[in-house]
>>> print(open('my_file.cif').read())   # mmCIF, C-alpha atoms
data_entry
#
loop_
_atom_site.label_atom_id
_atom_site.label_comp_id
_atom_site.auth_asym_id
_atom_site.auth_seq_id
_atom_site.Cartn_x
_atom_site.Cartn_y
_atom_site.Cartn_z
CA MET N 1 -101.99 -55.33 25.74
CA SER N 2 -99.09 -54.95 23.33
CA TYR N 3 -96.91 -57.35 21.39
CA PHE N 4 -94.23 -59.12 23.38
CA ASN N 5 -91.55 -57.24 21.46
CA ALA N 6 -93.49 -54.24 20.20
CA GLU N 7 -90.33 -52.42 19.13
CA VAL N 8 -89.55 -54.94 16.40
CA LEU N 9 -92.62 -53.88 14.45
CA VAL N 10 -92.53 -50.44 12.84
CA ASP N 11 -95.09 -48.56 10.78
CA CYS N 12 -94.76 -46.49 7.62
CA ASP N 13 -94.35 -43.25 9.57
CA TRP N 14 -91.42 -44.70 11.49
CA VAL N 15 -89.74 -45.85 8.28
CA GLU N 16 -90.29 -42.49 6.62
CA LYS N 17 -88.70 -40.72 9.60
CA HIS N 18 -85.68 -43.02 9.52
CA GLN N 19 -85.03 -43.09 5.76
CA ASN N 20 -81.87 -41.02 6.22
CA ASP N 21 -80.88 -42.44 9.58
CA LEU N 22 -77.33 -43.75 9.20
CA SER N 23 -77.87 -46.31 11.93
CA VAL N 24 -80.74 -47.84 9.94
CA ARG N 25 -80.67 -49.84 6.71
CA ILE N 26 -83.98 -50.53 4.98
CA VAL N 27 -84.04 -53.87 3.13
CA GLU N 28 -86.65 -54.98 0.59
CA SER N 29 -87.06 -58.74 0.06
CA ASN N 30 -89.68 -60.03 -2.35
CA GLU N 31 -90.95 -63.04 -4.17
CA ASP N 32 -91.35 -60.92 -7.33
CA VAL N 33 -87.74 -60.75 -8.45
CA LEU N 34 -88.12 -57.46 -10.34
CA LEU N 35 -90.47 -55.64 -7.99
CA TYR N 36 -87.70 -53.67 -6.27
CA ASP N 37 -86.57 -52.39 -9.68
CA THR N 38 -90.03 -50.98 -10.41
CA GLY N 39 -89.76 -48.65 -7.40
CA HIS N 40 -88.85 -48.97 -3.72
CA ILE N 41 -88.57 -46.92 -0.53
CA ALA N 42 -85.82 -44.34 -0.97
CA GLY N 43 -82.56 -45.62 0.47
CA ALA N 44 -83.74 -49.23 0.58
CA VAL N 45 -81.44 -51.98 -0.69
CA HIS N 46 -82.59 -55.21 -2.30
CA ILE N 47 -81.72 -58.55 -0.73
CA ASP N 48 -82.95 -61.49 -2.76
CA TRP N 49 -83.76 -64.70 -0.89
CA ARG N 50 -82.30 -66.94 -3.54
CA ARG N 51 -79.38 -64.97 -4.96
CA ASP N 52 -78.12 -63.43 -1.72
CA LEU N 53 -79.14 -65.69 1.14
CA GLN N 54 -78.96 -69.19 -0.31
CA ASP N 55 -75.91 -71.17 -1.32
CA GLN N 56 -75.94 -71.46 -5.10
CA LEU N 57 -74.96 -75.14 -5.15
CA VAL N 58 -76.10 -76.93 -2.01
CA ARG N 59 -79.57 -76.42 -0.52
CA ASP N 60 -78.40 -74.35 2.43
CA TYR N 61 -77.73 -70.76 3.39
CA VAL N 62 -74.62 -68.86 2.43
CA SER N 63 -71.44 -69.21 4.43
CA PRO N 64 -70.74 -66.71 7.23
CA GLU N 65 -68.07 -65.22 4.93
CA LEU N 66 -70.61 -64.54 2.18
CA PHE N 67 -73.09 -63.17 4.70
CA ALA N 68 -70.44 -60.71 5.91
CA GLN N 69 -69.80 -59.68 2.29
CA LEU N 70 -73.54 -59.22 1.70
CA CYS N 71 -73.82 -56.94 4.72
CA SER N 72 -70.65 -55.08 3.81
CA ARG N 73 -71.76 -54.20 0.28
CA ASN N 74 -75.17 -53.13 1.56
CA GLY N 75 -73.66 -50.73 4.10
CA ILE N 76 -74.63 -52.79 7.13
CA THR N 77 -72.54 -53.10 10.27
CA PRO N 78 -73.31 -55.26 13.34
CA GLU N 79 -74.67 -52.09 14.96
CA THR N 80 -77.02 -51.28 12.06
CA THR N 81 -80.73 -51.72 12.67
CA VAL N 82 -81.97 -53.58 9.61
CA VAL N 83 -85.61 -52.89 8.74
CA PHE N 84 -87.16 -55.47 6.43
CA TYR N 85 -90.21 -55.11 4.20
CA GLY N 86 -91.51 -56.87 1.11
CA ASP N 87 -94.35 -58.29 -0.95
CA LYS N 88 -96.68 -61.19 -0.15
CA SER N 89 -97.53 -59.93 3.35
CA ASN N 90 -93.84 -59.95 4.28
CA TRP N 91 -93.19 -63.64 3.55
CA TRP N 92 -89.75 -63.05 2.14
CA SER N 93 -88.86 -60.20 4.44
CA THR N 94 -89.54 -62.34 7.51
CA TYR N 95 -87.51 -65.07 5.80
CA ALA N 96 -84.64 -62.60 5.32
CA LEU N 97 -85.02 -61.39 8.91
CA TRP N 98 -84.88 -64.99 10.12
CA ALA N 99 -81.79 -65.59 7.96
CA PHE N 100 -80.10 -62.52 9.46
CA ARG N 101 -80.82 -63.97 12.89
CA LEU N 102 -79.16 -67.21 11.76
CA TYR N 103 -75.91 -65.26 11.52
CA GLY N 104 -76.45 -63.55 14.86
CA HIS N 105 -77.63 -60.17 13.58
CA THR N 106 -80.20 -59.26 16.22
CA LYS N 107 -80.84 -55.59 15.45
CA VAL N 108 -83.81 -56.21 13.19
CA LYS N 109 -87.23 -54.69 12.61
CA LEU N 110 -90.12 -55.35 10.26
CA LEU N 111 -92.40 -52.87 8.51
CA ASN N 112 -95.90 -53.93 9.56
CA GLY N 113 -97.93 -54.49 6.39
CA GLY N 114 -94.85 -54.60 4.21
CA ARG N 115 -94.69 -53.19 0.72
CA ALA N 116 -98.45 -53.40 0.18
CA LYS N 117 -99.10 -51.08 3.12
CA TRP N 118 -96.48 -48.57 1.96
CA VAL N 119 -97.99 -48.50 -1.54
CA ALA N 120 -101.58 -48.41 -0.25
CA GLU N 121 -100.72 -45.31 1.78
CA LYS N 122 -99.36 -43.75 -1.42
CA ARG N 123 -95.94 -43.20 0.11
CA ALA N 124 -93.11 -42.15 -2.19
CA THR N 125 -91.02 -44.71 -4.05
CA THR N 126 -87.98 -44.32 -6.24
CA ARG N 127 -86.06 -46.34 -8.80
CA GLU N 128 -82.76 -44.90 -7.66
CA VAL N 129 -80.52 -47.56 -6.19
CA PRO N 130 -78.59 -46.16 -3.22
CA SER N 131 -74.87 -45.72 -3.64
CA LEU N 132 -73.30 -47.09 -0.48
CA THR N 133 -69.84 -47.20 1.00
CA ALA N 134 -68.86 -50.73 1.89
CA THR N 135 -68.67 -51.40 5.60
CA ALA N 136 -66.44 -53.77 7.54
CA TYR N 137 -68.83 -56.48 8.71
CA PRO N 138 -66.94 -59.12 10.70
CA ILE N 139 -67.43 -62.73 9.66
CA PRO N 140 -69.93 -64.22 12.12
CA ALA N 141 -68.26 -66.78 14.36
CA LYS N 142 -71.16 -69.20 14.02
CA ARG N 143 -74.52 -69.75 12.44
CA PHE N 144 -77.35 -70.17 14.92
CA ASP N 145 -78.79 -73.25 13.22
CA ASP N 146 -79.30 -75.07 16.52
CA GLU N 147 -81.30 -72.24 18.02
CA ILE N 148 -83.81 -71.20 15.36
CA ARG N 149 -83.55 -73.75 12.55
CA ALA N 150 -84.74 -77.35 12.42
CA PHE N 151 -83.49 -80.05 10.06
CA TYR N 152 -85.22 -83.23 8.89
CA GLU N 153 -83.87 -85.39 11.72
CA ASP N 154 -84.83 -82.79 14.33
CA THR N 155 -88.33 -82.64 12.94
CA LEU N 156 -88.69 -86.41 12.75
CA ALA N 157 -87.63 -86.70 16.39
CA HIS N 158 -90.04 -83.90 17.25
CA SER N 159 -92.88 -85.74 15.51
CA LYS N 160 -92.07 -89.02 17.27
CA ALA N 161 -91.93 -87.25 20.64
CA ALA N 162 -95.32 -85.64 19.95
CA LYS N 163 -93.91 -82.16 20.45
CA PRO N 164 -95.71 -79.18 18.89
CA LEU N 165 -95.42 -79.00 15.11
CA VAL N 166 -97.22 -76.20 13.32
CA ASP N 167 -98.06 -76.68 9.64
CA VAL N 168 -98.63 -73.17 8.26
CA ARG N 169 -99.58 -74.21 4.71
CA SER N 170 -103.06 -73.95 3.25
CA PRO N 171 -105.71 -76.44 4.42
CA SER N 172 -105.60 -78.30 1.08
CA GLU N 173 -101.84 -78.77 1.35
CA PHE N 174 -102.21 -79.99 4.94
CA SER N 175 -104.88 -82.52 3.98
CA GLY N 176 -102.81 -83.83 1.07
CA GLU N 177 -105.30 -82.76 -1.56
CA THR N 178 -102.63 -80.52 -3.14
CA THR N 179 -98.87 -80.25 -2.83
CA HIS N 180 -98.58 -76.57 -3.62
CA MET N 181 -100.18 -73.33 -2.56
CA PRO N 182 -103.39 -72.17 -4.16
CA GLU N 183 -102.57 -69.92 -7.12
CA TYR N 184 -99.06 -71.31 -7.50
CA PRO N 185 -97.68 -73.76 -10.02
CA GLN N 186 -96.75 -77.26 -9.02
CA GLU N 187 -93.12 -77.31 -7.94
CA GLY N 188 -92.31 -80.94 -7.64
CA VAL N 189 -93.30 -82.68 -4.44
CA LEU N 190 -94.00 -86.39 -4.82
CA ARG N 191 -96.29 -86.96 -1.86
CA GLY N 192 -99.00 -84.87 -0.22
CA GLY N 193 -100.10 -84.71 3.40
CA HIS N 194 -98.50 -83.49 6.59
CA ILE N 195 -95.95 -84.49 9.21
CA PRO N 196 -97.55 -86.88 11.74
CA GLY N 197 -98.78 -84.96 14.75
CA ALA N 198 -98.63 -81.55 13.09
CA LYS N 199 -101.49 -79.14 13.64
CA SER N 200 -102.71 -76.89 10.87
CA MET N 201 -102.65 -73.13 11.32
CA PRO N 202 -102.18 -71.34 8.00
CA TRP N 203 -99.76 -68.41 8.22
CA LYS N 204 -102.45 -66.06 6.93
CA THR N 205 -104.48 -66.54 10.10
CA ALA N 206 -102.06 -64.09 11.75
CA THR N 207 -102.65 -61.24 9.30
CA ASN N 208 -105.31 -58.71 8.45
CA GLU N 209 -106.49 -58.02 4.89
CA ASP N 210 -104.01 -55.14 4.58
CA ALA N 211 -101.08 -57.48 5.39
CA THR N 212 -100.58 -56.06 8.88
CA PHE N 213 -100.50 -58.39 11.87
CA LYS N 214 -103.58 -59.06 13.94
CA SER N 215 -103.70 -57.69 17.48
CA VAL N 216 -101.89 -59.51 20.24
CA GLU N 217 -105.24 -60.54 21.75
CA GLU N 218 -106.27 -62.16 18.48
CA LEU N 219 -102.88 -63.85 18.07
CA VAL N 220 -103.04 -65.25 21.60
CA LYS N 221 -106.47 -66.70 20.85
CA ILE N 222 -105.16 -68.35 17.69
CA TYR N 223 -101.87 -69.80 18.85
CA GLU N 224 -102.47 -70.35 22.57
CA GLY N 225 -106.22 -70.83 22.47
CA GLN N 226 -106.89 -72.76 19.26
CA LEU N 227 -103.50 -74.47 18.89
CA GLY N 228 -102.87 -74.88 22.61
CA LEU N 229 -99.25 -73.75 22.44
CA LYS N 230 -97.53 -72.72 25.65
CA LYS N 231 -94.77 -70.14 25.99
CA GLU N 232 -92.20 -72.69 27.16
CA ASP N 233 -93.01 -75.26 24.41
CA ASP N 234 -90.37 -76.50 22.02
CA ILE N 235 -92.03 -75.66 18.68
CA ILE N 236 -91.19 -76.34 15.04
CA ALA N 237 -93.02 -74.53 12.23
CA TYR N 238 -92.89 -75.61 8.59
CA CYS N 239 -94.46 -74.91 5.22
CA ARG N 240 -93.17 -75.91 1.77
CA ILE N 241 -89.81 -74.17 1.46
CA GLY N 242 -89.58 -72.21 4.69
CA GLU N 243 -90.80 -68.73 3.82
CA ARG N 244 -94.38 -68.91 5.11
CA SER N 245 -93.11 -70.62 8.26
CA SER N 246 -90.63 -67.74 8.75
CA HIS N 247 -93.70 -65.52 8.98
CA THR N 248 -95.19 -67.73 11.72
CA TRP N 249 -91.77 -68.02 13.41
CA PHE N 250 -91.72 -64.21 13.56
CA VAL N 251 -95.22 -64.05 15.05
CA LEU N 252 -94.50 -66.65 17.72
CA THR N 253 -91.02 -65.40 18.60
CA TYR N 254 -91.36 -61.62 18.42
CA LEU N 255 -95.03 -60.82 18.75
CA LEU N 256 -96.02 -63.47 21.29
CA GLY N 257 -92.72 -64.14 23.08
CA PHE N 258 -92.42 -67.91 22.64
CA LYS N 259 -88.89 -68.79 23.70
CA ASN N 260 -88.09 -71.86 21.66
CA VAL N 261 -89.36 -71.76 18.09
CA ARG N 262 -87.49 -73.22 15.14
CA ASN N 263 -88.20 -72.94 11.43
CA TYR N 264 -87.90 -76.19 9.45
CA ASP N 265 -86.81 -74.62 6.17
CA GLY N 266 -86.46 -77.96 4.38
CA SER N 267 -90.22 -78.15 4.94
CA TRP N 268 -92.56 -80.10 2.69
CA THR N 269 -90.31 -80.08 -0.39
CA GLU N 270 -87.87 -82.15 1.67
CA TRP N 271 -90.34 -84.17 3.73
CA GLY N 272 -92.73 -85.00 0.89
CA ASN N 273 -89.93 -86.15 -1.38
CA ARG N 274 -87.90 -88.17 1.10
CA VAL N 275 -88.12 -91.94 0.82
CA ARG N 276 -90.04 -93.52 3.72
CA SER N 277 -90.83 -90.22 5.36
CA PRO N 278 -93.86 -90.82 7.60
CA ILE N 279 -96.91 -88.93 6.35
CA GLU N 280 -100.42 -88.38 7.63
CA ARG N 281 -103.40 -87.38 5.54
CA SER N 282 -106.65 -85.96 6.73
CA MET Y 1 -85.31 -72.43 -34.92
CA SER Y 2 -86.19 -69.10 -36.46
CA TYR Y 3 -88.58 -66.84 -34.57
CA PRO Y 4 -91.02 -64.28 -35.94
CA PRO Y 5 -88.93 -61.28 -37.09
CA LYS Y 6 -90.22 -58.84 -34.47
CA LEU Y 7 -89.66 -61.34 -31.68
CA GLN Y 8 -86.22 -62.18 -33.09
CA ALA Y 9 -85.28 -58.50 -32.92
CA ILE Y 10 -86.30 -58.33 -29.26
CA ILE Y 11 -84.37 -61.53 -28.47
CA GLY Y 12 -81.32 -60.08 -30.23
CA LEU Y 13 -81.54 -56.88 -28.23
CA PHE Y 14 -81.78 -58.70 -24.90
CA GLU Y 15 -78.96 -61.09 -25.77
CA SER Y 16 -76.67 -58.15 -26.39
CA LEU Y 17 -77.31 -56.71 -22.96
CA PRO Y 18 -75.58 -57.42 -19.65
CA GLU Y 19 -77.79 -58.62 -16.75
CA GLN Y 20 -78.42 -55.10 -15.48
CA GLY Y 21 -79.39 -53.92 -18.96
CA LYS Y 22 -81.77 -56.86 -19.28
CA ARG Y 23 -83.43 -55.91 -15.99
CA GLU Y 24 -83.79 -52.28 -17.04
CA ASN Y 25 -85.38 -53.26 -20.35
CA LEU Y 26 -87.71 -55.72 -18.64
CA ILE Y 27 -88.87 -52.92 -16.34
CA ALA Y 28 -89.42 -50.69 -19.40
CA TYR Y 29 -91.54 -53.42 -21.00
CA CYS Y 30 -93.40 -53.89 -17.72
CA ASP Y 31 -94.19 -50.17 -17.73
CA ASN Y 32 -95.66 -50.67 -21.21
CA ALA Y 33 -97.90 -53.57 -20.20
CA LYS Y 34 -100.84 -51.17 -19.77
CA ARG Y 35 -100.48 -50.15 -23.40
CA VAL Y 36 -101.33 -53.63 -24.64
CA GLU Y 37 -104.69 -53.59 -22.87
CA PRO Y 38 -107.81 -53.43 -25.08
CA LYS Y 39 -108.81 -49.90 -25.96
CA GLU Y 40 -112.28 -48.40 -25.86
CA GLY Y 41 -114.31 -49.54 -28.86
CA GLU Y 42 -111.91 -52.27 -30.02
CA THR Y 43 -113.53 -55.53 -31.11
CA PHE Y 44 -111.97 -59.00 -31.14
CA ASP Y 45 -112.50 -62.37 -32.75
CA ILE Y 46 -112.02 -64.24 -29.47
CA GLU Y 47 -111.75 -63.20 -25.83
CA ASP Y 48 -110.48 -65.50 -23.10
CA ILE Y 49 -110.83 -63.96 -19.64
CA ARG Y 50 -110.13 -66.17 -16.68
CA LYS Y 51 -108.17 -66.75 -13.50
CA ASP Y 52 -106.65 -70.21 -13.43
CA GLU Y 53 -106.20 -71.99 -10.13
CA GLU Y 54 -102.42 -71.81 -10.31
CA CYS Y 55 -102.27 -68.08 -11.03
CA THR Y 56 -102.26 -65.19 -8.59
CA ASP Y 57 -104.64 -63.07 -10.62
CA GLU Y 58 -106.80 -62.83 -13.71
CA VAL Y 59 -105.22 -62.90 -17.15
CA ALA Y 60 -107.42 -61.77 -20.05
CA VAL Y 61 -106.35 -62.51 -23.64
CA PHE Y 62 -108.00 -60.82 -26.62
CA LEU Y 63 -107.27 -61.97 -30.18
CA LYS Y 64 -108.02 -60.23 -33.43
CA ILE Y 65 -107.07 -61.66 -36.81
CA THR Y 66 -106.11 -58.92 -39.24
CA PRO Y 67 -107.34 -58.86 -42.87
CA GLU Y 68 -103.88 -60.17 -43.82
CA GLY Y 69 -104.40 -63.20 -41.59
CA GLY Y 70 -102.01 -62.16 -38.84
CA VAL Y 71 -102.60 -62.10 -35.09
CA SER Y 72 -103.02 -58.99 -33.01
CA PHE Y 73 -103.10 -59.58 -29.27
CA ARG Y 74 -104.36 -57.44 -26.44
CA MET Y 75 -103.85 -58.52 -22.84
CA ARG Y 76 -105.18 -57.33 -19.53
CA LEU Y 77 -103.47 -58.48 -16.32
CA GLY Y 78 -104.70 -58.32 -12.74
CA PRO Y 79 -102.73 -56.15 -10.31
CA GLN Y 80 -101.20 -59.13 -8.49
CA VAL Y 81 -99.43 -60.41 -11.61
CA GLN Y 82 -95.65 -60.37 -11.21
CA THR Y 83 -93.36 -57.85 -12.86
CA LEU Y 84 -91.59 -60.39 -15.06
CA THR Y 85 -94.91 -61.69 -16.34
CA LYS Y 86 -96.10 -58.18 -17.16
CA ALA Y 87 -92.86 -57.55 -19.04
CA MET Y 88 -93.13 -60.80 -21.00
CA THR Y 89 -96.73 -59.96 -21.88
CA ALA Y 90 -95.70 -56.67 -23.48
CA ILE Y 91 -92.81 -58.39 -25.26
CA LEU Y 92 -94.98 -61.14 -26.70
CA CYS Y 93 -97.74 -58.79 -27.83
CA LYS Y 94 -95.14 -56.75 -29.72
CA GLY Y 95 -93.04 -59.68 -30.92
CA LEU Y 96 -95.94 -61.75 -32.26
CA GLU Y 97 -97.89 -58.91 -33.90
CA GLY Y 98 -98.81 -59.95 -37.44
CA CYS Y 99 -97.71 -63.61 -37.16
CA ALA Y 100 -99.89 -66.38 -38.53
CA PRO Y 101 -101.87 -68.15 -35.77
CA GLN Y 102 -100.14 -71.43 -36.66
CA ALA Y 103 -96.74 -69.76 -36.18
CA VAL Y 104 -97.78 -68.82 -32.63
CA LEU Y 105 -98.79 -72.43 -31.99
CA ASP Y 106 -95.46 -73.68 -33.35
CA LEU Y 107 -93.37 -71.22 -31.33
CA PRO Y 108 -91.06 -73.01 -28.87
CA SER Y 109 -90.61 -71.42 -25.45
CA ASP Y 110 -86.83 -71.71 -25.42
CA PHE Y 111 -86.45 -68.02 -26.19
CA VAL Y 112 -87.64 -67.07 -22.69
CA PRO Y 113 -84.29 -67.55 -20.91
CA ARG Y 114 -82.57 -65.72 -23.78
CA ILE Y 115 -84.68 -62.67 -23.01
CA VAL Y 116 -84.94 -62.96 -19.26
CA GLY Y 117 -81.35 -63.99 -18.60
CA ALA Y 118 -79.95 -66.78 -16.50
CA GLU Y 119 -80.19 -64.93 -13.21
CA LEU Y 120 -83.91 -64.40 -13.43
CA VAL Y 121 -84.84 -67.85 -14.70
CA ARG Y 122 -85.55 -69.42 -11.37
CA LEU Y 123 -88.11 -70.95 -9.13
CA ARG Y 124 -91.45 -69.16 -9.35
CA SER Y 125 -90.86 -67.51 -12.69
CA GLN Y 126 -92.99 -70.14 -14.41
CA THR Y 127 -95.80 -67.67 -14.98
CA THR Y 128 -93.63 -66.16 -17.66
CA TYR Y 129 -94.28 -69.28 -19.74
CA TYR Y 130 -97.96 -69.24 -18.79
CA ILE Y 131 -98.60 -66.11 -20.86
CA LEU Y 132 -97.30 -67.81 -24.02
CA THR Y 133 -99.42 -70.86 -23.24
CA ARG Y 134 -102.54 -68.71 -23.01
CA MET Y 135 -101.72 -67.02 -26.33
CA LYS Y 136 -101.26 -70.43 -27.95
CA GLN Y 137 -104.55 -71.65 -26.50
CA ILE Y 138 -106.53 -68.80 -27.97
CA CYS Y 139 -104.87 -69.25 -31.37
CA LYS Y 140 -105.74 -72.95 -31.29
CA VAL Y 141 -109.38 -72.15 -30.58
CA TRP Y 142 -109.43 -69.71 -33.50
CA LEU Y 143 -107.82 -72.27 -35.84
CA ASP Y 144 -110.20 -75.04 -34.71
CA ARG Y 145 -113.19 -72.80 -35.35
CA LYS Y 146 -111.85 -71.82 -38.75
CA ARG Y 147 -111.30 -75.46 -39.73
CA ALA Y 148 -114.75 -76.40 -38.48
CA ALA Y 149 -116.30 -73.57 -40.50
CA GLU Y 150 -114.43 -74.71 -43.61
CA CYS Y 151 -115.79 -78.26 -43.22
CA THR Y 152 -119.40 -77.16 -43.08
#
>>> encode(input="my_file.cif", output="structure tokens")
Amino acid sequence: MSYFNAEVLVDCDWVEKHQNDLSVRIVESNEDVLLYDTGHIAGAVHIDWRRDLQDQLVRDYVSPELFAQLCSRNGITPETTVVFYGDKSNWWSTYALWAFRLYGHTKVKLLNGGRAKWVAEKRATTREVPSLTATAYPIPAKRFDDEIRAFYEDTLAHSKAAKPLVDVRSPSEFSGETTHMPEYPQEGVLRGGHIPGAKSMPWKTATNEDATFKSVEELVKIYEGQLGLKKEDDIIAYCRIGERSSHTWFVLTYLLGFKNVRNYDGSWTEWGNRVRSPIERS
Amino acid sequence: MSYPPKLQAIIGLFESLPEQGKRENLIAYCDNAKRVEPKEGETFDIEDIRKDEECTDEVAVFLKITPEGGVSFRMRLGPQVQTLTKAMTAILCKGLEGCAPQAVLDLPSDFVPRIVGAELVRLRSQTTYYILTRMKQICKVWLDRKRAAECT
């Protein structure tokens, strides 16, 4: 049994073979803002979740115009296959992949195991930043917010309708004991707990120790067996700011073939701060 | 506010650099983070080795007070510690070398953005400040012990 979309996941050998493939652009996206500068896969460009993908004033993603500029300066065309990888078991690279999908860029792949796997296999890295010729990337006609992104009101309606909500944060965040991830500083959420009706399934459940994804059989057991999700369900995943839930969105959408999964990127930093937001604790 | 001279020199260097130059120098300091680890046979007045709940990995701080009464820090960081934090560790070990322990305690943290630059001061770079906090904590313990010894 293989992943629903097995082609989206590539290994280190595949990436190494395609490092000079002009139809491929390798993109590193990390939490550690300087990690790319310390050494990266040759030919890879750096796309930063905050600087490049988010609007610098309003809490939202960049305009389609700015997305087109981002792709253009990184040598990406609509026909380019963009291969993402990064630190933290691919949190930020799945976030970047999801953001690319927001603008309709569907030729995407993910390096299974991310940066950690590449480094663990002692593959070559370089500090040389590729010199690229700007491409002509057309401004996307729309952003696919309705299809793969959920907002507060969508999520509230989802909760009231008792539709599947997957909380991918740590168990202590879900229970309300903490409002931030273990090993991370407090980042300003006023209330702890979870969205009423949400079920807990930490993102990490989907990965092995080496940051690669678990087998499809194991993933089916987790998401269909333990959580009871069905392929045709209308599902919203959330975490604290939307990066860990991008990881789960990727698993459900690409590896298991769920048709209707949205990422609530406002997540707990919006929900837990909003006045009169309904909250459950357990 | 005046900073210890060695730290002031580092701040001055970073302030003169464009963003890209800042990044390159931070990477150079990060590369040097291994050099501030304790060396074989070195002894210290206080060692503080721990992994706090809000940190991704262990941070070990080693303090020696020189015969002149100045601090000399050694630091050992776990592999999961972020690049910026490693860089700031090397900067602080160099910049605070020889300072009085009380001067470390009195040091404000407002120099951090002047070194790191506006672009890199962002969400999840708080661990940069954590290193200074740990250095202050160990200096406070040393000063408290010294005062207690003087009272007895």
>>> resolve_selection(input="my_file.cif", expression="the PyMOL selection byres ((chain Y and resi 58) around 9)", output="number ranges by chain")
Y: 49-52, 55-57, 59-60, 76-81
>>> resolve_selection(input="my_file.cif", expression="the PyMOL selection byres ((chain N and resi 13-19) around 9)", output="ChimeraX atom specification")
/N:10-12,20-26,41-44,83,111,123
>>> resolve_selection(input="my_file.cif", expression="the PyMOL selection byres ((chain N and resi 91) around 8)", output="ChimeraX atom specification")
/N:30,86-90,92-95,243-244,246-247
>>> residues_around(input="my_file.cif", residues="Arg240 (chain N)", least_positions_apart="6", cutoff="9 Å", atoms="all atoms listed in the file", output="list in words")
Val168, Arg169, Thr179, His180, Met181, Asp265, Gly266, Ser267, Trp268, Thr269, Glu270 and Trp271 of chain N
>>> write_last_selection(input="my_file.cif", atoms="C-alpha atoms", output="compact mmCIF listing (two decimals), in the coordinates of the input")
# COMPACT_ATOMS: atom_id res chain seq x y z
CA VAL N 168 -98.63 -73.17 8.26
CA ARG N 169 -99.58 -74.21 4.71
CA THR N 179 -98.87 -80.25 -2.83
CA HIS N 180 -98.58 -76.57 -3.62
CA MET N 181 -100.18 -73.33 -2.56
CA ASP N 265 -86.81 -74.62 6.17
CA GLY N 266 -86.46 -77.96 4.38
CA SER N 267 -90.22 -78.15 4.94
CA TRP N 268 -92.56 -80.10 2.69
CA THR N 269 -90.31 -80.08 -0.39
CA GLU N 270 -87.87 -82.15 1.67
CA TRP N 271 -90.34 -84.17 3.73
>>> residues_around(input="my_file.cif", residues="region 217-228 of chain N", least_positions_apart="4", cutoff="8 Å", atoms="all atoms listed in the file", output="mmCIF file with C-alpha atoms, keeping the file's coordinate frame")
data_model
loop_
_atom_site.group_PDB
_atom_site.id
_atom_site.type_symbol
_atom_site.label_atom_id
_atom_site.label_comp_id
_atom_site.auth_asym_id
_atom_site.auth_seq_id
_atom_site.Cartn_x
_atom_site.Cartn_y
_atom_site.Cartn_z
ATOM 1 C CA MET N 1 -101.990 -55.330 25.740
ATOM 2 C CA LYS N 199 -101.490 -79.140 13.640
ATOM 3 C CA MET N 201 -102.650 -73.130 11.320
ATOM 4 C CA THR N 205 -104.480 -66.540 10.100
ATOM 5 C CA ALA N 206 -102.060 -64.090 11.750
ATOM 6 C CA LEU N 256 -96.020 -63.470 21.290
#
>>> decode(input="my_file.cif", residues="region 102-112 of chain Y", atoms="N, CA and C atoms", output="PDB file, in the first residue's frame")
ATOM      1  N   GLN Y 102      29.032  42.332  38.616  1.00  0.00           N
ATOM      2  CA  GLN Y 102      27.927  43.276  38.789  1.00  0.00           C
ATOM      3  C   GLN Y 102      27.602  43.992  37.463  1.00  0.00           C
ATOM      4  N   ALA Y 103      28.625  44.224  36.650  1.00  0.00           N
ATOM      5  CA  ALA Y 103      28.396  44.875  35.349  1.00  0.00           C
ATOM      6  C   ALA Y 103      27.565  43.972  34.438  1.00  0.00           C
ATOM      7  N   VAL Y 104      27.772  42.659  34.549  1.00  0.00           N
ATOM      8  CA  VAL Y 104      26.959  41.723  33.755  1.00  0.00           C
ATOM      9  C   VAL Y 104      25.506  41.797  34.227  1.00  0.00           C
ATOM     10  N   LEU Y 105      25.333  41.837  35.559  1.00  0.00           N
ATOM     11  CA  LEU Y 105      23.975  41.930  36.103  1.00  0.00           C
ATOM     12  C   LEU Y 105      23.277  43.216  35.670  1.00  0.00           C
ATOM     13  N   ASP Y 106      24.037  44.293  35.579  1.00  0.00           N
ATOM     14  CA  ASP Y 106      23.453  45.601  35.245  1.00  0.00           C
ATOM     15  C   ASP Y 106      23.235  45.801  33.746  1.00  0.00           C
ATOM     16  N   LEU Y 107      23.743  44.877  32.952  1.00  0.00           N
ATOM     17  CA  LEU Y 107      23.703  45.068  31.493  1.00  0.00           C
ATOM     18  C   LEU Y 107      22.264  44.995  30.967  1.00  0.00           C
ATOM     19  N   PRO Y 108      21.787  46.062  30.304  1.00  0.00           N
ATOM     20  CA  PRO Y 108      20.448  45.979  29.700  1.00  0.00           C
ATOM     21  C   PRO Y 108      20.512  45.142  28.423  1.00  0.00           C
ATOM     22  N   SER Y 109      19.365  44.632  28.007  1.00  0.00           N
ATOM     23  CA  SER Y 109      19.374  43.756  26.820  1.00  0.00           C
ATOM     24  C   SER Y 109      19.059  44.520  25.534  1.00  0.00           C
ATOM     25  N   ASP Y 110      19.022  45.849  25.625  1.00  0.00           N
ATOM     26  CA  ASP Y 110      18.614  46.609  24.436  1.00  0.00           C
ATOM     27  C   ASP Y 110      19.647  46.617  23.313  1.00  0.00           C
ATOM     28  N   PHE Y 111      20.824  46.059  23.584  1.00  0.00           N
ATOM     29  CA  PHE Y 111      21.835  45.998  22.530  1.00  0.00           C
ATOM     30  C   PHE Y 111      21.540  44.870  21.530  1.00  0.00           C
ATOM     31  N   VAL Y 112      20.680  43.928  21.911  1.00  0.00           N
ATOM     32  CA  VAL Y 112      20.450  42.753  21.055  1.00  0.00           C
ATOM     33  C   VAL Y 112      19.950  43.141  19.656  1.00  0.00           C
TER      34      VAL Y 112
END
